[in-house]
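Data file: work.cif. Format and content: mmCIF, C-alpha atoms.
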```cif
data_model
loop_
_atom_site.label_atom_id
_atom_site.label_comp_id
_atom_site.auth_asym_id
_atom_site.auth_seq_id
_atom_site.Cartn_x
_atom_site.Cartn_y
_atom_site.Cartn_z
CA MET A 729 10.89 -24.01 -11.91
CA THR A 730 11.78 -24.77 -8.30
CA ASP A 731 15.41 -25.28 -9.41
CA PRO A 732 17.99 -22.72 -8.31
CA VAL A 733 18.01 -19.55 -10.37
CA LEU A 734 20.81 -17.14 -11.15
CA VAL A 735 20.29 -13.78 -9.49
CA ARG A 736 22.35 -10.74 -10.40
CA MET A 737 22.07 -7.35 -8.77
CA THR A 738 24.08 -4.29 -7.85
CA VAL A 739 24.47 -3.90 -4.11
CA ASN A 740 26.03 -0.70 -2.77
CA GLY A 741 27.54 -0.05 -6.18
CA ALA A 742 29.14 -3.48 -6.62
CA ALA A 743 27.89 -6.17 -8.99
CA GLN A 744 26.83 -9.30 -7.10
CA GLU A 745 25.44 -12.62 -8.15
CA GLY A 746 24.39 -15.90 -6.67
CA ARG A 747 22.27 -18.96 -7.25
CA CYS A 748 19.31 -19.61 -5.01
CA ALA A 749 15.94 -21.28 -4.89
CA PRO A 750 13.15 -19.02 -6.19
CA ARG A 751 11.54 -19.10 -2.76
CA LYS A 752 14.55 -17.53 -1.07
CA LEU A 753 13.71 -14.16 0.46
CA LEU A 754 15.81 -11.17 -0.55
CA VAL A 755 16.87 -10.54 3.06
CA ASP A 756 18.16 -14.11 3.41
CA PHE A 757 19.98 -13.84 0.08
CA LEU A 758 21.70 -10.64 1.24
CA ARG A 759 22.71 -12.19 4.56
CA GLU A 760 23.47 -15.79 3.67
CA ASP A 761 24.60 -15.68 0.04
CA LEU A 762 26.24 -12.26 -0.08
CA GLY A 763 27.38 -12.15 3.55
CA LEU A 764 25.82 -8.73 4.10
CA THR A 765 24.50 -9.30 7.60
CA GLY A 766 23.89 -5.64 8.40
CA THR A 767 20.31 -6.03 7.15
CA HIS A 768 18.41 -7.54 10.06
CA VAL A 769 15.68 -10.15 10.06
CA GLY A 770 12.96 -9.24 12.52
CA CYS A 771 9.35 -10.27 12.13
CA GLU A 772 9.59 -11.72 8.59
CA HIS A 773 6.13 -10.54 7.67
CA GLY A 774 6.50 -6.87 6.88
CA ILE A 775 5.56 -5.32 10.21
CA CYS A 776 8.81 -4.43 12.02
CA GLY A 777 10.78 -2.84 9.17
CA ALA A 778 14.22 -4.00 10.43
CA CYS A 779 14.99 -5.54 7.01
CA THR A 780 14.21 -2.38 5.01
CA VAL A 781 16.66 -1.73 2.14
CA LEU A 782 16.57 0.56 -0.88
CA VAL A 783 15.49 -1.18 -4.08
CA ASP A 784 16.09 1.08 -7.08
CA GLY A 785 16.18 3.99 -4.65
CA GLN A 786 12.97 3.20 -2.80
CA ALA A 787 12.68 1.79 0.69
CA ALA A 788 11.21 -1.72 0.64
CA ARG A 789 10.90 -4.66 3.02
CA SER A 790 13.47 -7.25 1.98
CA CYS A 791 11.47 -9.96 3.81
CA LEU A 792 8.55 -9.33 1.45
CA MET A 793 10.54 -9.76 -1.77
CA LEU A 794 12.02 -12.84 -3.29
CA ALA A 795 15.69 -12.58 -4.18
CA VAL A 796 14.79 -13.48 -7.76
CA GLN A 797 12.53 -10.41 -7.91
CA ALA A 798 15.55 -8.19 -7.28
CA ASP A 799 17.37 -9.65 -10.30
CA GLY A 800 18.67 -6.64 -12.26
CA ALA A 801 17.89 -4.18 -9.46
CA GLU A 802 20.13 -1.68 -7.73
CA LEU A 803 20.14 -2.10 -3.96
CA MET A 804 21.48 -0.14 -1.07
CA THR A 805 21.93 -1.72 2.32
CA ILE A 806 23.28 -0.35 5.58
CA GLU A 807 26.78 -1.41 4.49
CA GLY A 808 26.60 1.16 1.69
CA LEU A 809 26.15 4.24 3.85
CA MET A 810 29.63 4.82 5.23
CA ARG A 811 32.16 6.31 2.75
CA ASP A 812 35.95 6.12 3.19
CA GLY A 813 35.66 5.40 6.88
CA VAL A 814 33.38 8.41 7.44
CA LEU A 815 29.86 7.93 8.76
CA HIS A 816 27.00 9.05 6.51
CA PRO A 817 25.47 12.30 7.87
CA LEU A 818 22.37 10.36 8.90
CA GLN A 819 24.48 7.82 10.79
CA GLN A 820 26.39 10.65 12.46
CA ALA A 821 23.10 12.29 13.49
CA PHE A 822 21.86 9.01 15.00
CA ARG A 823 25.08 8.83 16.99
CA ASP A 824 24.88 12.47 18.08
CA HIS A 825 21.23 12.34 19.12
CA HIS A 826 21.15 8.94 20.81
CA GLY A 827 19.07 7.46 18.00
CA LEU A 828 19.88 3.90 18.98
CA GLN A 829 20.48 1.62 21.90
CA CYS A 830 20.58 -2.03 20.86
CA GLY A 831 20.82 -1.17 17.17
CA PHE A 832 18.61 -3.94 15.88
CA CYS A 833 16.12 -1.68 14.11
CA THR A 834 18.75 0.89 13.11
CA PRO A 835 19.50 -0.39 9.57
CA GLY A 836 15.77 -0.24 8.77
CA MET A 837 15.42 3.16 10.43
CA LEU A 838 18.31 4.63 8.45
CA LEU A 839 17.23 3.36 5.05
CA THR A 840 13.60 4.30 5.63
CA ALA A 841 14.70 7.77 6.78
CA LEU A 842 16.91 8.15 3.68
CA ASP A 843 13.93 7.53 1.40
CA LEU A 844 11.74 9.81 3.51
CA LEU A 845 14.29 12.65 3.24
CA ARG A 846 14.70 12.06 -0.48
CA THR A 847 10.99 12.60 -1.12
CA ASN A 848 10.44 15.13 1.68
CA PRO A 849 13.75 16.95 2.30
CA ASP A 850 12.37 19.21 5.05
CA PRO A 851 9.87 17.16 7.04
CA SER A 852 8.03 18.37 10.13
CA GLU A 853 8.31 16.35 13.30
CA ALA A 854 4.87 14.87 12.61
CA GLU A 855 5.96 13.84 9.11
CA VAL A 856 9.10 12.18 10.43
CA ARG A 857 7.02 10.28 12.98
CA GLU A 858 4.55 9.19 10.30
CA GLY A 859 7.33 8.11 7.94
CA LEU A 860 9.23 6.22 10.61
CA ALA A 861 6.08 4.51 11.88
CA ALA A 862 7.14 1.97 9.26
CA VAL A 863 9.91 0.72 11.57
CA LEU A 864 9.48 -0.55 15.11
CA CYS A 865 12.07 0.23 17.79
CA ARG A 866 11.75 -1.48 21.15
CA CYS A 867 14.28 0.47 23.16
CA THR A 868 14.80 4.16 22.52
CA GLY A 869 11.23 5.35 22.47
CA TYR A 870 11.71 7.13 19.13
CA HIS A 871 12.52 10.62 20.49
CA GLY A 872 16.22 10.38 19.74
CA ILE A 873 15.50 8.83 16.35
CA VAL A 874 13.13 11.62 15.35
CA LYS A 875 15.64 14.24 16.54
CA ALA A 876 18.40 12.57 14.55
CA VAL A 877 16.41 12.52 11.31
CA ARG A 878 15.40 16.15 11.71
CA ALA A 879 19.01 17.11 12.45
CA ALA A 880 20.27 15.25 9.39
CA ALA A 881 17.73 16.84 7.03
CA PRO A 882 19.51 20.21 6.55
CA VAL A 883 22.88 18.46 6.22
CA LEU A 884 21.52 16.23 3.44
CA ARG A 885 19.83 19.19 1.76
CA GLY A 886 23.17 20.99 1.76
CA ALA A 887 24.92 17.93 0.33
CA SER A 888 22.60 17.46 -2.65
CA MET B 889 13.56 -21.06 3.79
CA LYS B 890 10.37 -19.48 4.98
CA PRO B 891 7.99 -19.70 2.02
CA PRO B 892 6.92 -23.17 0.92
CA ARG B 893 8.26 -24.61 -2.34
CA PHE B 894 6.58 -23.31 -5.49
CA ASP B 895 7.14 -23.10 -9.23
CA TYR B 896 8.18 -19.55 -10.04
CA HIS B 897 7.20 -17.84 -13.28
CA ALA B 898 7.79 -14.24 -14.30
CA PRO B 899 5.91 -13.82 -17.59
CA ALA B 900 6.61 -10.82 -19.80
CA SER B 901 3.06 -10.35 -21.06
CA VAL B 902 -0.53 -10.51 -19.82
CA ASP B 903 -1.37 -13.29 -22.31
CA GLU B 904 1.50 -15.37 -20.98
CA ALA B 905 0.40 -14.73 -17.38
CA VAL B 906 -3.16 -15.81 -18.14
CA ALA B 907 -1.89 -18.94 -19.93
CA LEU B 908 0.05 -19.85 -16.78
CA LEU B 909 -3.02 -19.30 -14.60
CA VAL B 910 -4.96 -21.59 -16.93
CA ARG B 911 -2.22 -24.19 -16.83
CA TYR B 912 -2.21 -24.40 -13.02
CA GLY B 913 -6.02 -24.47 -12.87
CA GLY B 914 -6.48 -22.52 -9.64
CA ASP B 915 -3.29 -23.71 -7.89
CA ALA B 916 -1.28 -20.62 -8.84
CA LYS B 917 -1.24 -17.28 -7.04
CA VAL B 918 -0.55 -13.97 -8.76
CA LEU B 919 2.35 -12.12 -7.14
CA ALA B 920 1.85 -8.36 -7.54
CA GLY B 921 3.40 -6.04 -4.91
CA GLY B 922 3.57 -8.98 -2.52
CA GLN B 923 2.82 -6.95 0.59
CA SER B 924 -0.04 -9.28 1.57
CA LEU B 925 0.87 -12.48 -0.27
CA MET B 926 4.49 -12.66 0.89
CA PRO B 927 3.56 -12.63 4.62
CA MET B 928 1.05 -15.40 3.91
CA LEU B 929 3.79 -17.41 2.18
CA ASN B 930 6.30 -16.74 4.96
CA PHE B 931 3.79 -18.07 7.49
CA ARG B 932 2.85 -20.86 5.07
CA LEU B 933 -0.76 -19.85 5.33
CA ALA B 934 -0.73 -19.98 1.52
CA ARG B 935 0.82 -22.94 -0.27
CA PRO B 936 0.27 -22.36 -3.98
CA ALA B 937 1.79 -24.78 -6.50
CA ALA B 938 3.06 -21.80 -8.46
CA LEU B 939 3.62 -18.07 -8.27
CA VAL B 940 2.93 -15.99 -11.36
CA ASP B 941 5.00 -12.87 -10.74
CA VAL B 942 3.51 -10.04 -12.81
CA ASN B 943 6.21 -7.52 -11.84
CA ARG B 944 8.02 -8.10 -15.15
CA ILE B 945 5.05 -7.01 -17.28
CA PRO B 946 5.95 -3.35 -17.88
CA VAL B 947 2.73 -2.55 -19.77
CA LEU B 948 0.74 -3.08 -16.56
CA ALA B 949 2.13 0.07 -14.90
CA TYR B 950 0.64 3.40 -16.04
CA VAL B 951 -1.60 6.28 -15.04
CA ARG B 952 -3.64 7.57 -17.99
CA GLU B 953 -6.19 10.34 -18.07
CA ASP B 954 -8.64 9.93 -20.87
CA ASP B 955 -11.99 11.62 -21.40
CA GLY B 956 -12.98 12.08 -17.78
CA THR B 957 -11.60 8.75 -16.62
CA VAL B 958 -8.28 8.01 -14.95
CA ALA B 959 -7.07 4.51 -15.79
CA PHE B 960 -4.41 2.75 -13.75
CA GLY B 961 -2.46 -0.26 -14.86
CA ALA B 962 -2.93 -2.91 -12.17
CA MET B 963 0.80 -2.85 -11.31
CA THR B 964 0.92 0.88 -10.66
CA ARG B 965 2.64 1.22 -7.28
CA GLN B 966 0.88 3.01 -4.44
CA ARG B 967 3.96 5.22 -4.15
CA THR B 968 3.53 6.29 -7.79
CA ILE B 969 -0.09 7.16 -7.06
CA GLU B 970 0.97 9.12 -3.96
CA PHE B 971 3.20 11.35 -6.10
CA SER B 972 1.18 11.42 -9.33
CA PRO B 973 0.19 14.97 -10.38
CA VAL B 974 -2.75 13.51 -12.35
CA VAL B 975 -4.05 11.83 -9.20
CA ALA B 976 -3.51 14.95 -7.09
CA ARG B 977 -5.47 17.01 -9.62
CA ARG B 978 -8.21 14.64 -10.78
CA LEU B 979 -8.59 12.16 -7.91
CA PRO B 980 -7.64 13.97 -4.71
CA LEU B 981 -9.73 11.48 -2.69
CA LEU B 982 -7.50 8.64 -3.92
CA HIS B 983 -4.43 10.74 -3.16
CA GLU B 984 -5.57 11.32 0.42
CA ALA B 985 -6.53 7.66 0.92
CA THR B 986 -3.07 6.58 -0.26
CA ARG B 987 -1.45 8.21 2.78
CA TRP B 988 -3.37 5.66 4.87
CA VAL B 989 -2.16 2.64 2.89
CA GLY B 990 0.35 0.75 5.05
CA HIS B 991 3.64 2.62 5.38
CA LEU B 992 6.12 4.28 3.04
CA PRO B 993 8.11 1.06 2.27
CA ILE B 994 4.88 -0.90 1.84
CA ARG B 995 3.68 1.65 -0.72
CA SER B 996 6.98 1.38 -2.63
CA ARG B 997 5.98 -2.16 -3.60
CA GLY B 998 2.21 -2.37 -3.09
CA THR B 999 0.03 -1.89 -6.17
CA ILE B 1000 -3.47 -0.60 -6.82
CA GLY B 1001 -4.51 -3.79 -8.61
CA GLY B 1002 -3.08 -6.03 -5.92
CA SER B 1003 -4.83 -4.14 -3.14
CA ILE B 1004 -8.18 -4.37 -4.91
CA ALA B 1005 -7.82 -8.02 -5.99
CA HIS B 1006 -6.76 -8.99 -2.45
CA ALA B 1007 -10.13 -7.56 -1.27
CA ASP B 1008 -9.19 -6.98 2.35
CA PRO B 1009 -12.33 -5.20 3.60
CA SER B 1010 -10.27 -2.87 5.79
CA ALA B 1011 -8.19 -1.67 2.83
CA GLU B 1012 -8.52 1.89 1.54
CA TYR B 1013 -8.51 1.40 -2.25
CA PRO B 1014 -11.56 -0.90 -2.40
CA ALA B 1015 -13.51 1.76 -0.45
CA VAL B 1016 -12.38 4.52 -2.84
CA LEU B 1017 -13.27 2.34 -5.85
CA THR B 1018 -16.72 1.81 -4.30
CA ALA B 1019 -17.31 5.46 -3.39
CA LEU B 1020 -16.26 6.82 -6.79
CA GLU B 1021 -18.15 4.15 -8.78
CA GLY B 1022 -15.02 2.95 -10.50
CA GLU B 1023 -14.58 -0.33 -12.29
CA VAL B 1024 -11.89 -2.93 -12.90
CA VAL B 1025 -10.92 -4.70 -16.09
CA VAL B 1026 -9.97 -8.35 -15.81
CA GLN B 1027 -8.48 -10.58 -18.47
CA GLY B 1028 -8.89 -14.32 -18.72
CA PRO B 1029 -8.75 -17.02 -21.38
CA ARG B 1030 -12.17 -15.92 -22.65
CA GLY B 1031 -11.06 -12.30 -23.07
CA ARG B 1032 -11.69 -9.19 -21.03
CA ARG B 1033 -14.60 -8.16 -18.86
CA THR B 1034 -15.34 -5.12 -16.77
CA LEU B 1035 -16.66 -5.37 -13.22
CA ARG B 1036 -18.19 -2.77 -10.94
CA PRO B 1037 -17.33 -2.93 -7.22
CA ALA B 1038 -20.68 -4.55 -6.30
CA GLU B 1039 -19.95 -7.30 -8.86
CA LEU B 1040 -16.34 -7.70 -7.77
CA PHE B 1041 -16.27 -7.88 -3.94
CA GLU B 1042 -17.98 -11.02 -2.59
CA THR B 1043 -16.76 -11.37 1.00
CA TYR B 1044 -13.58 -11.25 3.08
CA LEU B 1045 -10.56 -11.59 0.77
CA THR B 1046 -12.81 -12.96 -1.97
CA THR B 1047 -13.68 -11.50 -5.35
CA SER B 1048 -15.62 -12.78 -8.34
CA LEU B 1049 -12.41 -13.15 -10.36
CA ALA B 1050 -12.01 -16.65 -11.74
CA PRO B 1051 -8.72 -18.37 -10.80
CA ASP B 1052 -7.52 -17.93 -14.39
CA GLU B 1053 -8.35 -14.23 -14.58
CA LEU B 1054 -5.92 -11.37 -13.96
CA LEU B 1055 -6.97 -7.89 -12.88
CA VAL B 1056 -5.29 -5.64 -15.47
CA GLU B 1057 -6.76 -2.17 -15.05
CA VAL B 1058 -8.55 0.02 -12.52
CA ARG B 1059 -10.69 2.89 -13.82
CA LEU B 1060 -11.92 5.77 -11.73
CA PRO B 1061 -14.07 8.63 -13.01
CA ALA B 1062 -12.22 11.91 -12.49
CA MET B 1063 -13.74 13.98 -9.71
CA ALA B 1064 -15.60 17.16 -10.67
CA ALA B 1065 -13.53 20.33 -10.28
CA GLY B 1066 -14.38 21.82 -6.90
CA ALA B 1067 -15.70 18.56 -5.47
CA GLY B 1068 -15.05 18.24 -1.74
CA TYR B 1069 -13.53 15.04 -0.44
CA ALA B 1070 -12.10 13.38 2.63
CA PHE B 1071 -10.82 10.01 3.70
CA GLU B 1072 -11.22 9.45 7.44
CA GLU B 1073 -9.83 6.41 9.15
CA PHE B 1074 -9.45 5.08 12.65
CA ALA B 1075 -6.63 2.64 13.40
CA ARG B 1076 -4.84 2.04 16.69
CA ARG B 1077 -1.57 3.24 15.16
CA HIS B 1078 -0.99 5.02 11.87
CA GLY B 1079 -0.34 2.43 9.18
CA ASP B 1080 -2.17 -0.39 10.94
CA PHE B 1081 -5.18 -1.95 9.30
CA ALA B 1082 -8.19 0.34 9.54
CA ILE B 1083 -10.79 -0.54 12.14
CA VAL B 1084 -13.14 1.64 10.09
CA GLY B 1085 -12.45 4.03 7.23
CA ILE B 1086 -14.84 6.32 5.34
CA ALA B 1087 -14.37 7.72 1.83
CA ALA B 1088 -16.48 10.78 1.09
CA MET B 1089 -17.03 13.08 -1.86
CA VAL B 1090 -19.56 15.89 -2.24
CA VAL B 1091 -20.33 18.18 -5.13
CA ARG B 1092 -21.97 21.40 -4.01
CA ASP B 1093 -24.46 23.41 -6.03
CA GLY B 1094 -25.01 26.57 -3.99
CA ALA B 1095 -26.59 25.45 -0.71
CA ARG B 1096 -27.60 22.12 -2.27
CA CYS B 1097 -25.59 18.96 -2.67
CA SER B 1098 -25.87 17.67 -6.22
CA VAL B 1099 -23.74 14.56 -5.69
CA ALA B 1100 -22.75 12.76 -2.49
CA ARG B 1101 -20.60 9.63 -2.49
CA LEU B 1102 -19.85 7.61 0.63
CA ALA B 1103 -18.29 4.21 1.20
CA SER B 1104 -16.95 2.39 4.24
CA ALA B 1105 -13.91 0.22 4.81
CA GLY B 1106 -13.60 -2.25 7.68
CA ALA B 1107 -17.29 -2.18 8.58
CA GLY B 1108 -18.22 -5.58 7.17
CA PRO B 1109 -16.98 -8.31 4.83
CA VAL B 1110 -16.87 -5.97 1.81
CA PRO B 1111 -16.66 -2.20 1.31
CA VAL B 1112 -20.16 -0.77 1.62
CA ARG B 1113 -21.58 1.95 -0.59
CA LEU B 1114 -23.68 4.08 1.76
CA ARG B 1115 -26.29 5.10 -0.80
CA ALA B 1116 -29.19 5.85 1.57
CA ALA B 1117 -26.92 8.18 3.56
CA GLU B 1118 -25.83 9.90 0.33
CA GLN B 1119 -29.50 10.43 -0.54
CA ILE B 1120 -30.11 12.33 2.70
CA LEU B 1121 -27.38 14.82 1.74
CA GLU B 1122 -28.60 15.09 -1.84
CA ARG B 1123 -32.14 15.77 -0.58
CA ASP B 1124 -31.52 17.89 2.54
CA GLY B 1125 -28.26 19.67 1.73
CA LEU B 1126 -25.01 19.92 3.65
CA GLY B 1127 -26.06 21.55 6.91
CA GLU B 1128 -25.19 20.15 10.32
CA THR B 1129 -28.57 18.41 10.79
CA ALA B 1130 -28.43 16.70 7.41
CA ILE B 1131 -24.86 15.56 8.01
CA GLU B 1132 -25.76 14.08 11.39
CA ALA B 1133 -28.80 12.34 9.87
CA ALA B 1134 -26.68 10.93 7.04
CA ALA B 1135 -24.06 9.71 9.52
CA ALA B 1136 -26.70 7.98 11.65
CA ARG B 1137 -28.13 6.35 8.52
CA ALA B 1138 -24.63 5.21 7.47
CA ALA B 1139 -24.26 3.33 10.76
CA GLU B 1140 -27.48 1.43 9.97
CA LEU B 1141 -26.27 0.47 6.50
CA VAL B 1142 -23.17 -1.47 7.58
CA SER B 1143 -23.04 -5.01 8.98
CA PRO B 1144 -19.77 -5.17 10.86
CA ASP B 1145 -18.45 -8.26 12.62
CA SER B 1146 -16.72 -8.40 16.00
CA ASP B 1147 -13.11 -9.49 16.17
CA VAL B 1148 -10.08 -9.07 18.40
CA HIS B 1149 -9.59 -5.48 17.19
CA ALA B 1150 -13.09 -4.11 17.77
CA SER B 1151 -16.67 -5.14 18.51
CA ALA B 1152 -19.41 -4.81 15.92
CA ASP B 1153 -21.04 -2.08 18.03
CA TYR B 1154 -17.82 -0.09 18.14
CA ARG B 1155 -17.39 -0.36 14.38
CA ARG B 1156 -20.95 0.85 13.90
CA HIS B 1157 -20.25 3.78 16.23
CA LEU B 1158 -17.07 4.61 14.29
CA THR B 1159 -19.01 4.48 11.03
CA ARG B 1160 -21.32 7.22 12.31
CA VAL B 1161 -18.57 9.40 13.79
CA LEU B 1162 -16.19 9.08 10.83
CA THR B 1163 -18.96 9.64 8.27
CA ALA B 1164 -19.88 12.91 9.96
CA ARG B 1165 -16.22 13.96 10.12
CA ALA B 1166 -15.53 13.01 6.52
CA VAL B 1167 -18.58 14.82 5.15
CA LYS B 1168 -17.82 17.97 7.17
CA ARG B 1169 -14.25 18.05 5.95
CA ALA B 1170 -15.42 17.36 2.39
CA VAL B 1171 -17.90 20.24 2.59
CA ASP B 1172 -15.19 22.59 3.87
CA ARG B 1173 -13.04 21.70 0.89
CA SER B 1174 -15.77 21.97 -1.74
CA ARG B 1175 -16.12 25.01 -3.94
#
```
Turn this file's structure into structure tokens for me.
Amino acid sequence: MTDPVLVRMTVNGAAQEGRCAPRKLLVDFLREDLGLTGTHVGCEHGICGACTVLVDGQAARSCLMLAVQADGAELMTIEGLMRDGVLHPLQQAFRDHHGLQCGFCTPGMLLTALDLLRTNPDPSEAEVREGLAAVLCRCTGYHGIVKAVRAAAPVLRGAS
Amino acid sequence: MKPPRFDYHAPASVDEAVALLVRYGGDAKVLAGGQSLMPMLNFRLARPAALVDVNRIPVLAYVREDDGTVAFGAMTRQRTIEFSPVVARRLPLLHEATRWVGHLPIRSRGTIGGSIAHADPSAEYPAVLTALEGEVVVQGPRGRRTLRPAELFETYLTTSLAPDELLVEVRLPAMAAGAGYAFEEFARRHGDFAIVGIAAMVVRDGARCSVARLASAGAGPVPVRLRAAEQILERDGLGETAIEAAAARAAELVSPDSDVHASADYRRHLTRVLTARAVKRAVDRSR
């Protein structure tokens, strides 16, 4: 039971598979086995939110899931946002509103914000702040991030 | 690799899960939402011989309303509860408390059964279970039994579940139509563990209070049902003086400990302040 297990999942629309020990964390599987290093490893205990990805459409900490638990799941990581060389509206808003400096937390911010906007397409500033409290940023002080998410909301509403 | 080595099992049924728990005789841990267990594994604070992952048991996830009771499969995600129309209508106190549970991505994975079985005294769901006089159903090799909160919570992170028992269902009595409710919590930042939380429900009968329900989170090793404070409201009504008296009594009923986050005195103070706030807000909402 500690032997490597076969793990199959869809990541950003593409079928992926790999063999790993059952104790391998999903974030490490994404980075080391699939080479998708856009998902960042921060605190590794579910506090910082840098490793947040979408699992079957819902934001989840990939450091608090085993890779084997995502077998059969559909994932979206930061690599899945850009289409045909064009930034996702949320990425564009982060760029326009200075929503990042070092960029370490940004993948987690973007995927958490995507899930927030999916379930609350027109959030107030307070709601954005509450939703994004799930991800820690140590450089921009959050103002630009909150502005970016609020600016992206009407664009995403128009797109759906 | 961060977590220590373990045997991994993902049973497809409750019977199979219980058989695995029996087989490992206390050396296995149940993996539900994983939002508390996975950090403990990553830090190697927990080193179980085996993980029994119950995420592949689909029959453990449901919300069912039946004859005045709302039953939750243990694996019902907190996010599902947050958006459940049944919960919003029949258990608005649980709905409000859910907004205080961790953060959005934590609630995507975290489950009602996992939160209660983990028995963190600062957690919201154990306090709601205690306030609303709910019960849990556990299944072991000797069959099923039902436990009330006072029988379930023993101390910090410790319940009366045997190592070979699995929590399978949480039952909460539906709140009376028109019942007022509030969940008040103080934490340094939203989403952090509560320093103290208070769950309150009141049923008003004219100027009188026919039912008051109060429980604390974070003010001691287990959630505390604040019965003597409830009795003040049920006897003296829901005026300002009665509410202040009930809040003062609540602070006497808890036995908080001091830790790095707050002193025992501060937790006692918060118990009084938050009880008064919760009852006032509950009264304003009651019809």
Looking at only C-alpha atoms, which of B:Asp1172, B:Asp903, B:Glu1140, B:Asp1080 is the one that sits closest to Ala862 in chain A? B:Asp1080
Any idea what the distance is between CA of Glu1122 in chain B and CA of Leu1162 in chain B?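 Spanning CA of Glu1122 in chain B to CA of Leu1162 in chain B is a straight-line distance of 18.7 Å.
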Across B:Ser996, B:Ser972, B:Thr964, B:Thr1034, the smallest distance to chain A, with all atoms listed in the file counted, is shown by B:Ser996
Please report as CSV every residue of chain B lying within 7 Å of chain A, along with the nearest atom pair and their distance in Å (one decimal), using only C-alpha atoms.
```
residue,atom,partner,partner_atom,distance
B:Met889,CA,A:Lys752,CA,6.1
B:Pro891,CA,A:Arg751,CA,6.0
B:Arg893,CA,A:Arg751,CA,6.4
B:Phe894,CA,A:Thr730,CA,6.1
B:Asp895,CA,A:Met729,CA,4.7
B:Tyr896,CA,A:Met729,CA,5.5
B:Gly922,CA,A:Leu792,CA,6.4
B:Gln923,CA,A:Leu792,CA,6.3
B:Met926,CA,A:Leu792,CA,5.3
B:Pro927,CA,A:His773,CA,4.5
B:Asn930,CA,A:His773,CA,6.8
B:His991,CA,A:Ala862,CA,5.3
B:Leu992,CA,A:Gly859,CA,6.3
B:Pro993,CA,A:Ala788,CA,4.5
B:Ile994,CA,A:Ala788,CA,6.5
B:Ser996,CA,A:Ala788,CA,6.2
B:Arg997,CA,A:Ala788,CA,6.7
```
With only C-alpha atoms as the atoms that count, which of B:Ala1107, B:Ala1116, B:Ala938, B:Ala1087 lies nearest to Ser1151 in chain B?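 With only C-alpha atoms as the atom set, the closest residue is B:Ala1107.
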Anything within 9 Å of (-9.3, -5.0, -2.6): list those residues as a PyMOL selection string, counting only C-alpha atoms and sticking to the file's coordinates. chain B and resi 1000-1015+1017+1041+1045-1047+1110-1111
Quick check on the file I pasted: which residues fall under the PyMOL selection byres ((chain B and resi 1127) around 10)? Write them as a PyMOL selection string. chain B and resi 1095-1097+1121+1124-1126+1128-1132+1168+1171
